[in-house]
Each structure stands twice: as structure tokens, then as C-alpha cells.
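target00.cif (mmCIF, C-alpha atoms and all ligand atoms)
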```
data_input
#
loop_
_atom_site.label_atom_id
_atom_site.label_comp_id
_atom_site.auth_asym_id
_atom_site.auth_seq_id
_atom_site.Cartn_x
_atom_site.Cartn_y
_atom_site.Cartn_z
CA MET A 1 -140.79 -17.51 -17.14
CA ARG A 2 -137.64 -16.75 -19.11
CA ASP A 3 -138.10 -13.03 -18.52
CA THR A 4 -138.41 -13.65 -14.81
CA LEU A 5 -135.25 -15.74 -14.76
CA GLU A 6 -133.39 -13.08 -16.71
CA GLU A 7 -134.68 -10.46 -14.34
CA ILE A 8 -133.46 -12.46 -11.37
CA ALA A 9 -130.03 -12.94 -12.97
CA ASP A 10 -129.93 -9.23 -13.67
CA GLU A 11 -130.80 -8.37 -10.07
CA LYS A 12 -128.19 -10.80 -8.83
CA SER A 13 -125.39 -9.30 -10.89
CA LYS A 14 -126.42 -5.79 -9.81
CA MET A 15 -126.27 -6.90 -6.21
CA GLU A 16 -122.88 -8.54 -6.73
CA ALA A 17 -121.45 -5.47 -8.41
CA MET A 18 -122.62 -3.35 -5.50
CA LEU A 19 -121.09 -5.64 -2.91
CA ASN A 20 -117.85 -5.87 -4.87
CA PHE A 21 -117.38 -2.14 -5.12
CA MET A 22 -118.47 -1.19 -1.62
CA THR A 23 -115.77 0.26 0.63
CA GLU A 24 -117.56 -1.17 3.66
CA GLY A 25 -116.86 -4.79 4.45
CA VAL A 26 -119.89 -7.08 4.24
CA ILE A 27 -120.05 -10.63 5.60
CA ALA A 28 -123.27 -12.62 5.44
CA ILE A 29 -123.47 -15.82 7.50
CA ASP A 30 -126.24 -18.33 8.14
CA ASN A 31 -127.53 -19.08 11.62
CA LEU A 32 -124.79 -21.67 12.14
CA GLY A 33 -122.05 -19.21 11.35
CA GLN A 34 -121.20 -20.51 7.84
CA ILE A 35 -120.21 -17.80 5.44
CA ILE A 36 -122.76 -17.15 2.70
CA HIS A 37 -120.88 -14.20 1.26
CA MET A 38 -117.85 -12.12 2.07
CA ASN A 39 -117.20 -9.10 -0.14
CA PRO A 40 -113.69 -8.06 -1.29
CA ALA A 41 -113.54 -5.12 1.16
CA ALA A 42 -114.09 -7.49 4.10
CA SER A 43 -111.48 -9.94 2.80
CA ALA A 44 -109.00 -7.08 2.40
CA MET A 45 -109.59 -5.85 5.97
CA PHE A 46 -108.52 -9.24 7.32
CA ARG A 47 -106.06 -9.96 4.52
CA ILE A 48 -107.86 -13.11 3.49
CA SER A 49 -107.30 -14.50 0.03
CA GLY A 50 -109.10 -17.40 -1.59
CA GLU A 51 -112.58 -18.85 -1.30
CA THR A 52 -114.53 -18.03 1.85
CA THR A 53 -118.04 -19.26 0.99
CA ASN A 54 -119.31 -22.14 3.15
CA ARG A 55 -116.42 -21.85 5.58
CA PRO A 56 -117.23 -21.29 9.27
CA LEU A 57 -116.61 -17.66 10.26
CA ASP A 58 -115.30 -18.73 13.68
CA GLU A 59 -112.55 -20.69 11.98
CA LEU A 60 -111.58 -17.96 9.57
CA LEU A 61 -111.80 -15.13 12.07
CA PRO A 62 -111.74 -16.63 15.58
CA PRO A 63 -114.24 -15.04 18.02
CA ASP A 64 -111.57 -14.42 20.67
CA THR A 65 -109.75 -12.22 18.16
CA TYR A 66 -112.65 -10.64 16.31
CA ASP A 67 -115.89 -10.55 18.21
CA PHE A 68 -118.66 -9.51 15.82
CA ALA A 69 -121.36 -10.53 18.33
CA TRP A 70 -123.36 -12.30 15.63
CA ARG A 71 -124.67 -14.95 18.07
CA GLN A 72 -125.91 -12.19 20.33
CA ALA A 73 -127.61 -10.51 17.36
CA LEU A 74 -129.35 -13.78 16.46
CA MET A 75 -130.45 -14.41 20.03
CA LEU A 76 -131.75 -10.90 20.67
CA ASN A 77 -133.05 -10.62 17.12
CA GLU A 78 -131.69 -7.10 16.88
CA THR A 79 -128.64 -5.27 15.51
CA VAL A 80 -125.57 -5.35 17.74
CA THR A 81 -122.76 -2.84 17.25
CA LYS A 82 -119.18 -3.40 18.37
CA GLU A 83 -115.70 -1.99 17.83
CA VAL A 84 -113.17 -4.47 16.55
CA LYS A 85 -109.42 -3.95 16.46
CA VAL A 86 -107.48 -5.63 13.67
CA SER A 87 -103.74 -5.83 14.35
CA GLN A 88 -101.65 -5.68 11.21
CA GLN A 89 -98.05 -6.49 10.64
CA GLU A 90 -95.97 -3.49 9.66
CA ALA A 91 -99.00 -1.21 9.67
CA GLU A 92 -101.04 0.51 12.31
CA ASP A 93 -104.07 -1.22 13.82
CA LEU A 94 -107.36 -0.97 11.96
CA ILE A 95 -110.33 0.05 14.06
CA LEU A 96 -113.56 -1.33 12.63
CA ARG A 97 -117.11 -0.69 13.70
CA SER A 98 -119.14 -3.83 13.12
CA HIS A 99 -122.94 -3.88 12.87
CA ALA A 100 -124.33 -7.40 13.10
CA ALA A 101 -127.94 -7.40 11.86
CA PRO A 102 -130.04 -10.58 11.95
CA PHE A 103 -132.21 -11.45 8.94
CA SER A 104 -134.66 -14.16 7.96
CA THR A 105 -136.28 -14.98 4.63
CA ARG A 106 -139.99 -14.57 4.18
CA SER A 107 -140.67 -18.31 4.33
CA ASN A 108 -138.40 -18.52 7.39
CA GLU A 109 -136.40 -21.29 5.75
CA CYS A 110 -133.15 -19.46 6.22
CA SER A 111 -131.95 -17.02 8.78
CA GLY A 112 -128.58 -15.53 9.52
CA VAL A 113 -126.69 -12.36 10.16
CA VAL A 114 -125.29 -9.63 7.93
CA ILE A 115 -122.18 -8.05 9.37
CA VAL A 116 -121.27 -4.63 8.00
CA LEU A 117 -117.77 -3.38 8.82
CA LEU A 118 -116.84 0.30 8.73
CA ASP A 119 -113.26 1.48 8.89
CA MET A 120 -113.15 3.98 11.77
CA THR A 121 -109.35 4.28 12.04
CA GLU A 122 -109.19 7.90 10.81
CA GLU A 123 -112.16 9.03 12.91
CA ASN A 124 -110.65 7.43 15.98
CA LYS A 125 -107.37 9.19 15.38
CA LEU A 126 -109.09 12.57 14.97
CA GLU A 127 -111.11 11.99 18.11
CA GLU A 128 -107.93 11.16 20.01
CA MET A 129 -106.26 14.31 18.71
CA ARG A 130 -109.24 16.37 19.80
CA ARG A 131 -109.12 14.86 23.28
CA ASP A 132 -105.36 15.45 23.55
CA PHE A 133 -105.85 19.00 22.40
CA VAL A 134 -108.47 19.79 25.05
CA ALA A 135 -106.31 18.13 27.72
CA ASN A 136 -103.29 20.14 26.59
CA VAL A 137 -105.16 23.44 26.58
CA SER A 138 -106.55 22.79 30.05
CA HIS A 139 -103.13 21.89 31.35
CA GLU A 140 -101.44 24.89 29.79
CA LEU A 141 -104.01 27.22 31.33
CA ARG A 142 -104.01 25.60 34.73
CA THR A 143 -100.28 25.99 35.27
CA PRO A 144 -100.17 29.81 35.05
CA LEU A 145 -103.46 30.06 36.96
CA THR A 146 -101.99 28.06 39.84
CA THR A 147 -98.91 30.28 39.85
CA VAL A 148 -101.00 33.46 39.88
CA ARG A 149 -103.16 32.12 42.70
CA THR A 150 -100.12 31.19 44.83
CA TYR A 151 -98.45 34.57 44.40
CA VAL A 152 -101.62 36.55 45.09
CA GLU A 153 -102.25 34.46 48.19
CA THR A 154 -98.71 35.09 49.46
CA LEU A 155 -99.22 38.82 48.89
CA LYS A 156 -102.50 38.70 50.80
CA ASP A 157 -100.83 36.82 53.65
CA GLY A 158 -98.33 39.58 54.31
CA ALA A 159 -95.88 39.85 51.43
CA LEU A 160 -97.62 43.11 50.51
CA GLU A 161 -95.91 44.70 53.51
CA GLU A 162 -92.51 44.12 51.93
CA PRO A 163 -92.41 46.43 48.92
CA GLU A 164 -89.50 44.78 47.16
CA LEU A 165 -90.94 41.30 47.41
CA ALA A 166 -94.38 42.56 46.47
CA GLN A 167 -92.95 44.17 43.31
CA ARG A 168 -91.33 40.90 42.29
CA PHE A 169 -94.46 38.85 42.92
CA LEU A 170 -96.61 41.28 40.98
CA GLY A 171 -94.11 41.04 38.14
CA VAL A 172 -94.62 37.26 38.07
CA VAL A 173 -98.40 37.70 38.13
CA ILE A 174 -98.22 40.05 35.14
CA ASN A 175 -95.93 37.67 33.23
CA GLU A 176 -98.20 34.71 33.82
CA THR A 177 -101.34 36.61 32.83
CA ASP A 178 -99.56 37.77 29.69
CA ARG A 179 -98.73 34.18 28.90
CA MET A 180 -102.34 33.10 29.32
CA THR A 181 -103.45 35.94 27.07
CA ARG A 182 -100.91 34.87 24.44
CA LEU A 183 -102.08 31.29 24.70
CA VAL A 184 -105.74 32.22 24.29
CA ASN A 185 -104.90 34.54 21.39
CA ASP A 186 -102.85 31.84 19.66
CA LEU A 187 -105.65 29.33 20.12
CA LEU A 188 -108.23 31.70 18.70
CA TYR A 189 -105.87 32.35 15.81
CA LEU A 190 -105.48 28.63 15.14
CA THR A 191 -109.24 28.12 15.31
CA ARG A 192 -109.72 30.85 12.75
CA LEU A 193 -107.08 29.27 10.51
CA ASP A 194 -108.91 25.96 10.86
CA SER A 195 -112.16 27.30 9.47
CA ILE A 196 -111.56 27.55 5.75
CA SER A 197 -114.81 29.41 5.15
CA LYS A 198 -113.44 32.47 6.94
CA ARG A 199 -110.27 32.60 4.90
CA GLU A 200 -109.40 36.15 4.03
CA PRO A 201 -108.70 37.09 0.43
CA TYR A 202 -105.19 36.83 -1.01
CA PHE A 203 -103.55 39.66 -2.89
CA ILE A 204 -100.32 40.07 -4.78
CA GLN A 205 -97.80 41.32 -2.25
CA ASP A 206 -94.25 42.58 -2.36
CA LEU A 207 -92.40 39.90 -0.41
CA LYS A 208 -89.28 42.06 0.01
CA GLU A 209 -91.42 44.71 1.67
CA ILE A 210 -92.97 42.14 4.01
CA VAL A 211 -89.51 40.87 5.01
CA ARG A 212 -88.30 44.44 5.66
CA ASN A 213 -91.34 45.18 7.85
CA VAL A 214 -90.82 42.04 9.88
CA ALA A 215 -87.13 42.82 10.27
CA ASP A 216 -88.05 46.25 11.68
CA VAL A 217 -90.47 44.68 14.14
CA MET A 218 -87.96 42.09 15.31
CA SER A 219 -84.77 44.17 15.38
CA PRO A 220 -85.16 45.41 19.00
CA GLN A 221 -85.44 41.81 20.24
CA PHE A 222 -82.24 40.80 18.46
CA ALA A 223 -80.52 43.96 19.68
CA SER A 224 -81.44 43.23 23.29
CA LYS A 225 -79.51 39.96 23.07
CA GLU A 226 -76.73 41.60 21.07
CA GLN A 227 -77.39 39.15 18.27
CA ASP A 228 -76.13 39.85 14.79
CA PHE A 229 -79.29 39.85 12.65
CA SER A 230 -79.07 40.41 8.92
CA ILE A 231 -81.37 40.06 5.92
CA LEU A 232 -80.29 39.30 2.37
CA LEU A 233 -82.70 40.32 -0.37
CA PRO A 234 -82.39 39.83 -4.14
CA GLU A 235 -82.16 42.79 -6.52
CA SER A 236 -85.23 41.78 -8.48
CA GLU A 237 -88.85 42.21 -7.42
CA VAL A 238 -90.32 39.28 -5.50
CA LYS A 239 -94.07 38.84 -5.51
CA ILE A 240 -96.23 36.55 -3.45
CA TYR A 241 -99.94 35.80 -3.66
CA ALA A 242 -100.99 35.83 -0.04
CA ALA A 243 -102.66 37.40 2.95
CA GLN A 244 -99.99 39.85 4.09
CA ASP A 245 -100.49 39.65 7.85
CA LYS A 246 -100.39 35.85 7.71
CA ILE A 247 -97.01 35.82 5.98
CA GLN A 248 -95.75 38.33 8.53
CA GLN A 249 -96.97 36.03 11.29
CA VAL A 250 -95.02 33.10 9.84
CA LEU A 251 -91.79 35.11 9.65
CA ILE A 252 -92.29 36.55 13.14
CA ASN A 253 -92.80 33.09 14.62
CA ILE A 254 -89.68 31.74 12.93
CA LEU A 255 -87.53 34.75 13.82
CA ALA A 256 -88.87 34.73 17.40
CA ASN A 257 -87.65 31.14 17.72
CA ALA A 258 -84.25 32.04 16.25
CA ASN A 259 -84.05 34.89 18.76
CA LEU A 260 -85.14 32.76 21.75
CA TYR A 261 -83.14 29.66 21.04
CA THR A 262 -79.91 31.41 20.09
CA PRO A 263 -77.63 32.60 22.90
CA ALA A 264 -76.56 36.22 23.22
CA LYS A 265 -74.14 37.41 20.51
CA GLY A 266 -75.24 34.63 18.15
CA ARG A 267 -75.90 35.18 14.44
CA ILE A 268 -79.26 35.04 12.64
CA THR A 269 -79.59 35.44 8.87
CA LEU A 270 -82.71 35.64 6.73
CA THR A 271 -82.18 35.08 3.01
CA LEU A 272 -84.85 35.58 0.38
CA THR A 273 -84.28 33.98 -3.02
CA ALA A 274 -86.54 34.14 -6.07
CA ARG A 275 -86.33 30.92 -8.02
CA GLU A 276 -87.99 29.60 -11.12
CA GLU A 277 -90.14 27.16 -9.10
CA GLY A 278 -91.02 29.59 -6.34
CA ASN A 279 -89.75 31.93 -3.66
CA GLU A 280 -87.64 30.66 -0.84
CA ILE A 281 -86.98 32.17 2.57
CA VAL A 282 -84.22 30.64 4.66
CA VAL A 283 -83.69 31.57 8.30
CA GLU A 284 -80.43 30.35 9.77
CA ASP A 285 -79.31 30.67 13.37
CA THR A 286 -76.24 29.68 15.36
CA GLY A 287 -78.36 28.60 18.32
CA ILE A 288 -78.76 25.60 20.57
CA GLY A 289 -80.19 23.38 17.82
CA ILE A 290 -82.68 20.54 18.15
CA PRO A 291 -81.94 16.91 19.02
CA LYS A 292 -82.71 14.43 16.20
CA GLU A 293 -85.38 12.54 18.11
CA ALA A 294 -87.42 15.73 18.53
CA MET A 295 -87.44 16.73 14.86
CA ALA A 296 -90.54 14.77 13.85
CA ARG A 297 -92.77 16.37 16.47
CA LEU A 298 -91.80 20.05 16.15
CA PHE A 299 -94.89 21.09 14.22
CA GLU A 300 -97.34 19.47 16.64
CA ARG A 301 -99.48 21.78 18.69
CA PHE A 302 -98.00 22.36 22.18
CA TYR A 303 -94.83 20.44 21.43
CA ARG A 304 -91.68 21.88 23.00
CA VAL A 305 -88.31 20.19 23.02
CA ASP A 306 -87.60 21.17 26.59
CA LYS A 307 -90.78 22.13 28.38
CA ALA A 308 -89.08 23.64 31.41
CA ARG A 309 -86.68 25.75 29.40
CA SER A 310 -89.31 26.87 26.94
CA ARG A 311 -91.75 27.74 29.72
CA GLU A 312 -89.35 30.01 31.51
CA ARG A 313 -89.06 31.91 28.24
CA GLY A 314 -92.80 31.96 27.83
CA GLY A 315 -93.27 29.55 24.91
CA ASN A 316 -96.52 27.68 24.44
CA GLY A 317 -95.36 25.35 21.69
CA LEU A 318 -97.79 26.81 19.14
CA GLY A 319 -95.52 29.01 17.01
CA LEU A 320 -94.39 26.38 14.52
CA SER A 321 -97.80 24.73 14.16
CA ILE A 322 -99.31 28.13 13.36
CA ALA A 323 -96.52 28.76 10.84
CA ARG A 324 -97.06 25.42 9.12
CA GLN A 325 -100.81 25.88 8.95
CA ILE A 326 -100.39 29.26 7.25
CA VAL A 327 -97.70 28.07 4.84
CA ASP A 328 -99.82 25.04 3.89
CA SER A 329 -102.86 27.19 3.23
CA HIS A 330 -100.75 29.29 0.85
CA GLY A 331 -99.74 26.19 -1.08
CA GLY A 332 -96.19 26.37 0.30
CA ARG A 333 -93.90 24.17 2.33
CA ILE A 334 -91.89 24.60 5.50
CA HIS A 335 -88.97 22.48 6.54
CA LEU A 336 -86.62 22.53 9.49
CA ASP A 337 -83.05 21.23 9.66
CA SER A 338 -80.93 21.35 12.73
CA GLU A 339 -77.65 20.29 14.17
CA TYR A 340 -77.94 19.87 17.89
CA GLY A 341 -75.63 22.29 19.64
CA PHE A 342 -74.75 24.19 16.46
CA GLY A 343 -77.79 25.79 14.93
CA THR A 344 -81.04 25.53 13.05
CA THR A 345 -82.14 26.29 9.49
CA VAL A 346 -85.77 26.87 8.56
CA ARG A 347 -86.68 26.80 4.87
CA ILE A 348 -89.97 28.16 3.66
CA TRP A 349 -91.05 27.90 0.08
CA PHE A 350 -93.98 29.71 -1.54
CA PRO A 351 -95.29 29.16 -5.05
CA LYS A 352 -95.13 32.10 -7.44
CA PRO A 353 -98.31 34.12 -8.01
CA GLU A 354 -98.54 32.76 -11.58
CA HIS A 355 -99.11 29.38 -10.03
CA PHE A 356 -102.53 30.57 -8.83
CA GLY A 357 -103.29 32.15 -12.17
CA ALA A 358 -103.08 35.51 -10.44
CA GLU A 359 -102.55 38.63 -12.57
CA ILE A 360 -99.37 40.50 -11.81
N1 LIG B 1 -84.51 27.97 15.91
C1 LIG B 1 -84.68 27.03 16.88
N2 LIG B 1 -83.61 26.55 17.59
C2 LIG B 1 -83.76 25.62 18.54
N3 LIG B 1 -84.94 25.07 18.89
C3 LIG B 1 -86.04 25.49 18.23
C4 LIG B 1 -85.98 26.48 17.19
N4 LIG B 1 -87.22 26.68 16.72
C5 LIG B 1 -88.03 25.87 17.43
N5 LIG B 1 -87.34 25.16 18.34
C6 LIG B 1 -87.88 24.13 19.28
O1 LIG B 1 -89.15 23.75 18.80
C7 LIG B 1 -90.14 23.92 19.80
C8 LIG B 1 -91.45 24.31 19.16
O2 LIG B 1 -91.39 25.61 18.64
P1 LIG B 1 -92.67 26.54 18.64
O3 LIG B 1 -92.30 27.86 18.04
O4 LIG B 1 -93.78 25.78 18.02
O5 LIG B 1 -93.02 26.71 20.19
P2 LIG B 1 -92.38 27.64 21.32
O6 LIG B 1 -91.34 28.53 20.73
O7 LIG B 1 -91.94 26.77 22.44
O8 LIG B 1 -93.63 28.47 21.83
P3 LIG B 1 -94.45 29.64 21.06
O9 LIG B 1 -93.82 29.80 19.73
O10 LIG B 1 -95.85 29.15 21.02
O11 LIG B 1 -94.29 30.83 21.91
C9 LIG B 1 -89.57 24.95 20.75
O12 LIG B 1 -90.07 24.77 22.04
C10 LIG B 1 -88.08 24.69 20.67
O13 LIG B 1 -87.73 23.68 21.59
MG MG B 2 -91.89 29.73 19.06
#
```
Just dump the structure as C-alpha cells.
Amino acid sequence: MRDTLEEIADEKSKMEAMLNFMTEGVIAIDNLGQIIHMNPAASAMFRISGETTNRPLDELLPPDTYDFAWRQALMLNETVTKEVKVSQQEAEDLILRSHAAPFSTRSNECSGVVIVLLDMTEENKLEEMRRDFVANVSHELRTPLTTVRTYVETLKDGALEEPELAQRFLGVVINETDRMTRLVNDLLYLTRLDSISKREPYFIQDLKEIVRNVADVMSPQFASKEQDFSILLPESEVKIYAAQDKIQQVLINILANANLYTPAKGRITLTLTAREEGNEIVVEDTGIGIPKEAMARLFERFYRVDKARSRERGGNGLGLSIARQIVDSHGGRIHLDSEYGFGTTVRIWFPKPEHFGAEI
């Protein structure tokens, strides 16, 4: 008898410990809606403090605010699943998935419902991002497709007979197809960056050499706008532990922006500095700058400050998000400062190879 009692007490404390440490919220109520047990996770979700046992659930969490469908579960004698939104002061809404499962004891003397609450806020956000992303991609592809279709149709309807006009229209068609190709390439690139398993190996690289290569690639673009482009490199060797083409991609994206968003005859400077804590690359331009309210969104996929202006120059709004993704995956940081109307400064910081335990 004593053993049995001890065993029961033991089981009970095990059960309690489990409920107390669960991240899911658990509320057990009897068939009249009186709380039998509410675990700490559930109390925290609704910011309830103090005793909850024996209080009516409808009073504590009114059904017009939080519908857990427990009556429905009792009536149907099956589990009912619902999404519940919990508004919070000074914090974003919590999205909970509630499963209300009816139960009854073997002797049928007690029945009730166990409500399990799962925090779905993060999942919901990811799902929303995915939906936005697909919508964005579709939109970005449809616009050039529509343009191409219109121009080809006009050519078919007679514009072909006018050589000068035809040349211009074909030029537009080529530009738009190029833009679609760039978009698809950038998207494939991002997808590859997203899948960690396919990450290419890192090697020790000469960062000065990478900067020089990129400068060579970009020089003609700066020259065509008569911009004054200069690079400042330190005397000492600068090493980076990285995938070389990825670092080049980051610098090209940043310099391409400096080139695009700086008027003709403007000045663009790239400075590389080797510091104790890491290597820093700063790209400064004397361009159009970015308004304050746009700063927070710059690294979002497809975000452009001025869609119309960026489109006519062929931007898809992916350059900075690609740059950030690469810098992040190299353990670095990227930061953008700007004074609207005066210019923009991009700072990129990479940890030193020693940081990865790499042999130099
Ligand atoms: N140096 C800069 N000066 C002014 N605005 C900038 C600068 N760099 C970025 N921006 C703004 O940030 C936006 C996002 O830049 P991002 O490189 O991601 O896209 P994009 O240049 O429009 O297109 P993509 O790089 O995909 O061709 C740009 O549309 C532009 O408005
Ligand atoms: Mg860009």
C-alpha cells in the first residue's frame, strides 16, 4: 500500500516536472470549463500570474477573445484545432495553434478537455515571407515579359517596316530579356547561397589581390560615367578566409551600386584596412544617398528605394541582399550609412583567418 502511494506520488511529480518545463502551453479543464491545470508556458503566453486552478477558463480568457473551441471538442468528442491570435502590448502578436482534445477517465466520473498551445509566430512569419517572395518574383518577371510582348506585337503590326523604329524596339526587347536573365541568375544564386550543404570550401585568400581584380572589372563602368574611382590598400599583406568568387561578388554588387547611384563625375573610394579585430573594406560615394526611412529595408530581397528610377537602370533589388548573405556566411558584417543627397558609405568587416583556426 505504502509502495503504491509512493509510486503514485512519484508519477505525479514526474508529470508535474514535465508540464512545468514544456515549451508548449497546456491547459486542462473539466467539462464545465473549470481549470484543472494550467502550466507555466500557458500562463506566460497570456501573461497571467497567480493561481488559475478552479477558475473558469471563460472568465480568465474570454471566448470572444480566445476561442479554443473546447465546447466543440466535447460535443464532437474529437480533437479540434484552431489558430488563436494573442495581442500583446509593446510586442508583436503571438500566433498560437490550439489543439483541444477531449478526455474522460476510465470510470467516466470525470471528463474534460486538454488544450495544447503551440507558438506558431515564427513559422507564420516565414510562411508570409515565402509567399511575398513568390509574389515578388512573379511580378518582377511579368513586367519585362509584358514589355517584350508589347514591343514584339508592335513590330509585327508594321513597325518592322520602319528600320529606325524597329532597331529601337529590338533594343528594348534585348534589354528586357537581359534583365530577366539577370533576375533568374540572381535568384538561382540566392537559392544556392540558401542551401548550406552546398557551401563551397573556403581558402586563405589575398584580399588585396581580390580588391585589385574587382577594381579592374569595374573600372570601365566608372570611366563611362567619368567618375573618379580610387582604391586605397595598406602596405601589409591582408588575408581572408573565404570563397574568392563570393567576396568578389560582394564587392562588385557594392561598387555597382556606387556607380549607378552616383551622378557622372562623382567620386567613389574603396579603402581596405587591416585591423587587429578584422579586415575592413569601406566604399564611399558622393552619390544621391538614401532617405532615412528607407535605411531599414535596404537588405530585403527586391527592395528598391525608388522602383521607377531603379528599374530604368535595370536594378532588381537583389544586390544588397546577396551581399549580406555572403558576408554573413563568412562570419562578417555589412553596414550602410547614408546622407540623403550627399552620399553613401558601405562598411564591410571580415574576421581574420586566425579566427577560424585557419593555418596561414
Ligand atoms: N550607394 C548607393 N547610393 C544610393 N542608393 C543606394 C546605394 N546602394 C543601394 N542603394 C539603394 O538601395 C536599393 C537596393 O540596392 P540593391 O543593390 O539591393 O538593388 P538594386 O541596385 O536596385 O538592384 P540589383 O543590385 O539587384 O541590380 C537600390 O535600389 C537603391 O535605391
Ligand atoms: Mg544593386
>> What does the list of residues within 7 Å of ligand MG 2 (chain B) look like if you count only C-alpha atoms and all ligand atoms, written as a PyMOL selection string?
In response: chain A and resi 253-254+256-257+315+317-320
Residues from the last selection, C-alpha atoms, saved as a compact mmCIF listing (two decimals), keeping the file's coordinate frame:
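Listed below is the output, out-v8.txt:
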```
# COMPACT_ATOMS: atom_id res chain seq x y z
CA ASN A 253 -92.80 33.09 14.62
CA ILE A 254 -89.68 31.74 12.93
CA ALA A 256 -88.87 34.73 17.40
CA ASN A 257 -87.65 31.14 17.72
CA GLY A 315 -93.27 29.55 24.91
CA GLY A 317 -95.36 25.35 21.69
CA LEU A 318 -97.79 26.81 19.14
CA GLY A 319 -95.52 29.01 17.01
CA LEU A 320 -94.39 26.38 14.52
```
Need the shell around region 283-286 of chain A: protein/DNA/RNA residues with any atom at most 12 Å away, counting all atoms listed in the file. Skip same-chain ones fewer than 6 positions apart. Format as a CSV table (one decimal) with C-alpha atoms, keeping the file's coordinate frame?
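Saved result, out-v5.csv, follows:
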```csv
chain,number,residue,atom,x,y,z
A,211,VAL,CA,-89.5,40.9,5.0
A,215,ALA,CA,-87.1,42.8,10.3
A,222,PHE,CA,-82.2,40.8,18.5
A,227,GLN,CA,-77.4,39.2,18.3
A,228,ASP,CA,-76.1,39.8,14.8
A,229,PHE,CA,-79.3,39.8,12.6
A,230,SER,CA,-79.1,40.4,8.9
A,231,ILE,CA,-81.4,40.1,5.9
A,232,LEU,CA,-80.3,39.3,2.4
A,250,VAL,CA,-95.0,33.1,9.8
A,251,LEU,CA,-91.8,35.1,9.6
A,252,ILE,CA,-92.3,36.6,13.1
A,253,ASN,CA,-92.8,33.1,14.6
A,254,ILE,CA,-89.7,31.7,12.9
A,255,LEU,CA,-87.5,34.8,13.8
A,256,ALA,CA,-88.9,34.7,17.4
A,257,ASN,CA,-87.6,31.1,17.7
A,258,ALA,CA,-84.2,32.0,16.2
A,259,ASN,CA,-84.0,34.9,18.8
A,260,LEU,CA,-85.1,32.8,21.8
A,261,TYR,CA,-83.1,29.7,21.0
A,262,THR,CA,-79.9,31.4,20.1
A,263,PRO,CA,-77.6,32.6,22.9
A,264,ALA,CA,-76.6,36.2,23.2
A,265,LYS,CA,-74.1,37.4,20.5
A,266,GLY,CA,-75.2,34.6,18.2
A,267,ARG,CA,-75.9,35.2,14.4
A,268,ILE,CA,-79.3,35.0,12.6
A,269,THR,CA,-79.6,35.4,8.9
A,270,LEU,CA,-82.7,35.6,6.7
A,271,THR,CA,-82.2,35.1,3.0
A,272,LEU,CA,-84.8,35.6,0.4
A,273,THR,CA,-84.3,34.0,-3.0
A,334,ILE,CA,-91.9,24.6,5.5
A,335,HIS,CA,-89.0,22.5,6.5
A,336,LEU,CA,-86.6,22.5,9.5
A,337,ASP,CA,-83.0,21.2,9.7
A,338,SER,CA,-80.9,21.4,12.7
A,339,GLU,CA,-77.6,20.3,14.2
A,340,TYR,CA,-77.9,19.9,17.9
A,341,GLY,CA,-75.6,22.3,19.6
A,342,PHE,CA,-74.8,24.2,16.5
A,343,GLY,CA,-77.8,25.8,14.9
A,344,THR,CA,-81.0,25.5,13.0
A,345,THR,CA,-82.1,26.3,9.5
A,346,VAL,CA,-85.8,26.9,8.6
A,347,ARG,CA,-86.7,26.8,4.9
A,348,ILE,CA,-90.0,28.2,3.7
A,349,TRP,CA,-91.0,27.9,0.1
```
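Ranking A:Ala323, A:Met129, A:Ala243, A:Val238 by their shortest atom-to-atom distance to ligand LIG 1 (chain B), with all atoms listed in the file included, puts A:Ala323 first.
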> With distances taken over all atoms listed in the file, which of A:Thr4, A:Asn39, A:Thr181, A:Ser219 is nearest to ligand LIG 1 (chain B)?
Replying inline: A:Thr181
>> Just want the 9 Å neighbourhood of Thr177 (chain A), counted on all atoms listed in the file, with same-chain residues fewer than 3 positions away dropped. Output as an MDAnalysis selection string.
In response: chainID A and resid 144:145 148 172:174 180:182
> Smallest atom-to-atom distance to Asp30 (chain A): which of A:Ser43, A:Thr121, A:Asn54, A:Ser49, using only C-alpha atoms?
Replying inline: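 Of the candidates, the smallest distance to Asp30 (chain A) is held by A:Asn54.
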